[in-house]
Amino acid sequence: MSVLSRPHFRDEAAAFEHVEGMLWPYGPVCHHCGSMEKPYKLVGVRTKASKKNPNGIERHGLYKCRDCKGQFTVRMGTVLEESHLPLTIWLQAIHLMCSSKKGISAHQLHRTLEITYKAAWFLAHRIREAMRSGDFSPMGGNGKTVEVDETYIGRLAGTPVKRGGGAHKNSVVTLVERGGRARSFHVDTARIGTVMPIVRANIAKESALMTDEAGMYRRVGQEFASHDVVTHSKDEYVRYEGEKTVHTNTVEGFYSIFKRGMKGVYQHCGEQHLHRYLAEFDFRYSNRSAMGIEDNVRSLIALKGAAGKRLTYRA
């Protein structure tokens with residue numbers, strides 16, 4: 001039986017129960033005043049009649065607060081707020097994006113979910129916002145290794161195409177903890193002035209740092225427990241020093257997945273949206289099967305991440 005045949009993917013009432021169970025583990029919370037003093041459910045309330053729906057549509061998951069008398073649903077205060085799409089469509093889209101290793105295009109969502117392309121595009125961006133991690137605690141730590149590298153993708157608007165180098169492309173810096181999470185940054189240029197503050201702020205000083213031979217890592221590398229370098233220009237990609245394995249293959253593997261998704265699935269990404277795609281790939285990598293997190297759990301983590309975030313068309 002298909003995963004998408006589960007009740008919360010097909011039935012709107014079940015979908016609300018599923019989301020409420022994730023976002024309200026201790027019961028309904030009034031969006032307006034924050035009260036949990038026994039809000040009561042409004043049953044049988046329908047939207048206004050229209051040509052398409054002469055009897056209106058039943059409003060599932062609607063509550064009323066006994067304190068402030070305001071009405072609210074679990075959608076409020078999340079990326080799902082003010083969306084006209086059924087909650088079942090949202091849950092299907094979240095599952096599809098979380099279970100597709102290299103992503104799923106808005107055109108594919110539009111065809112699969114039978115919604116407009118405009119709705120699918122905005123839906124995908126709101127889900128990426130839910131995937132964005134608010135955890136900026138230092139990566140690595142005592143006995144752990146963090147790899148750092150930079151890559152270039154796409155093309156900066158208004159810049160001529162040049163042979164070699166990445167001056168005309170978007171610059172990305174990624175930190176990957178071996179056996180752990182990834183954290184990526186879209187930067188103006190991959191130079192000392194932009195990369196050093198990122199490395200300092202996001203990696204614990206007790207960590208072992210591993211990079212390629214780029215000179216911008218030389219000074220900041222002295223601030224960590226150790227700093228090892230692989231010289232790619234001399235065809236060195238891995239080096240064994242006793243029990244230590246020196247390489248940046250982990251972060252290169254992350255870039256391999258990222259670029260295959262960006263070029264093979266999404267094909268084009270505007271500079272202003274690149275940080276959202278990075279958040280999507282960071283999320284799936286940091287919650288991957290190798291860490292014991294499968295599709296269903298990954299979808300639940302993304303759903304929890306929807307709380308407290310908003311994304312409007314102007315954002």
# chains A, B, ... in the order shown; residues from 1 in each chain; ligands from 1

$ select_by_dssp --residues "segment 150-285 of chain A" --states "strand (DSSP E)" --output "ChimeraX atom specification"
/A:150-153,170-177,182-187,208-212,226-230,239-241,244-246

$ residues_around --residues "segment 273-287 of chain A" --least-positions-apart "4" --cutoff "7 Å" --atoms "only C-alpha atoms" --output "PyMOL selection string"
chain A and resi 98+128-129+131-132+180-184+186+258+269+291+293+298

$ closest_residue --among "A:Thr47, A:Ile198, A:Leu4, A:Arg75" --to "Ile94 of chain A" --atoms "only C-alpha atoms"
A:Leu4

$ select_by_dssp --residues "segment 42-246 of chain A" --states "alpha helix (DSSP H)" --output "number ranges by chain"
A: 87-99, 106-113, 117-131, 192-202, 218-221

$ residues_around --residues "Lys69 of chain A" --least-positions-apart "2" --cutoff "10 Å" --atoms "only C-alpha atoms" --output "short mmCIF file (atom, residue, chain, number, x, y, z; two decimals) with N, CA and C atoms, in the first residue's frame"
data_model
loop_
_atom_site.label_atom_id
_atom_site.label_comp_id
_atom_site.auth_asym_id
_atom_site.auth_seq_id
_atom_site.Cartn_x
_atom_site.Cartn_y
_atom_site.Cartn_z
N CYS A 30 -4.23 28.97 22.13
CA CYS A 30 -4.83 30.09 21.40
C CYS A 30 -3.73 30.91 20.72
N HIS A 32 -4.05 33.86 19.55
CA HIS A 32 -4.21 35.28 19.84
C HIS A 32 -3.67 35.67 21.21
N CYS A 33 -3.96 34.87 22.25
CA CYS A 33 -3.56 35.25 23.61
C CYS A 33 -2.67 34.21 24.29
N PRO A 39 -9.80 25.73 25.45
CA PRO A 39 -10.48 26.22 24.24
C PRO A 39 -11.38 25.10 23.72
N TYR A 63 -11.11 26.25 16.43
CA TYR A 63 -11.31 26.35 17.88
C TYR A 63 -11.68 27.78 18.26
N LYS A 64 -12.29 27.91 19.45
CA LYS A 64 -12.58 29.24 20.00
C LYS A 64 -12.04 29.31 21.42
N CYS A 65 -11.39 30.44 21.72
CA CYS A 65 -10.76 30.61 23.02
C CYS A 65 -11.78 31.14 24.03
N ARG A 66 -11.82 30.54 25.23
CA ARG A 66 -12.75 31.02 26.26
C ARG A 66 -12.29 32.34 26.88
N ASP A 67 -10.99 32.65 26.77
CA ASP A 67 -10.46 33.86 27.39
C ASP A 67 -10.65 35.09 26.50
N GLN A 71 -11.09 33.08 17.42
CA GLN A 71 -11.10 31.78 16.75
C GLN A 71 -9.71 31.52 16.17
N PHE A 72 -9.32 30.26 16.13
CA PHE A 72 -7.99 29.94 15.62
C PHE A 72 -7.94 28.48 15.18
#

$ atom_distance --atom1 "atom CA of Thr231 of chain A" --atom2 "atom CA of Glu213 of chain A"
5.3 Å
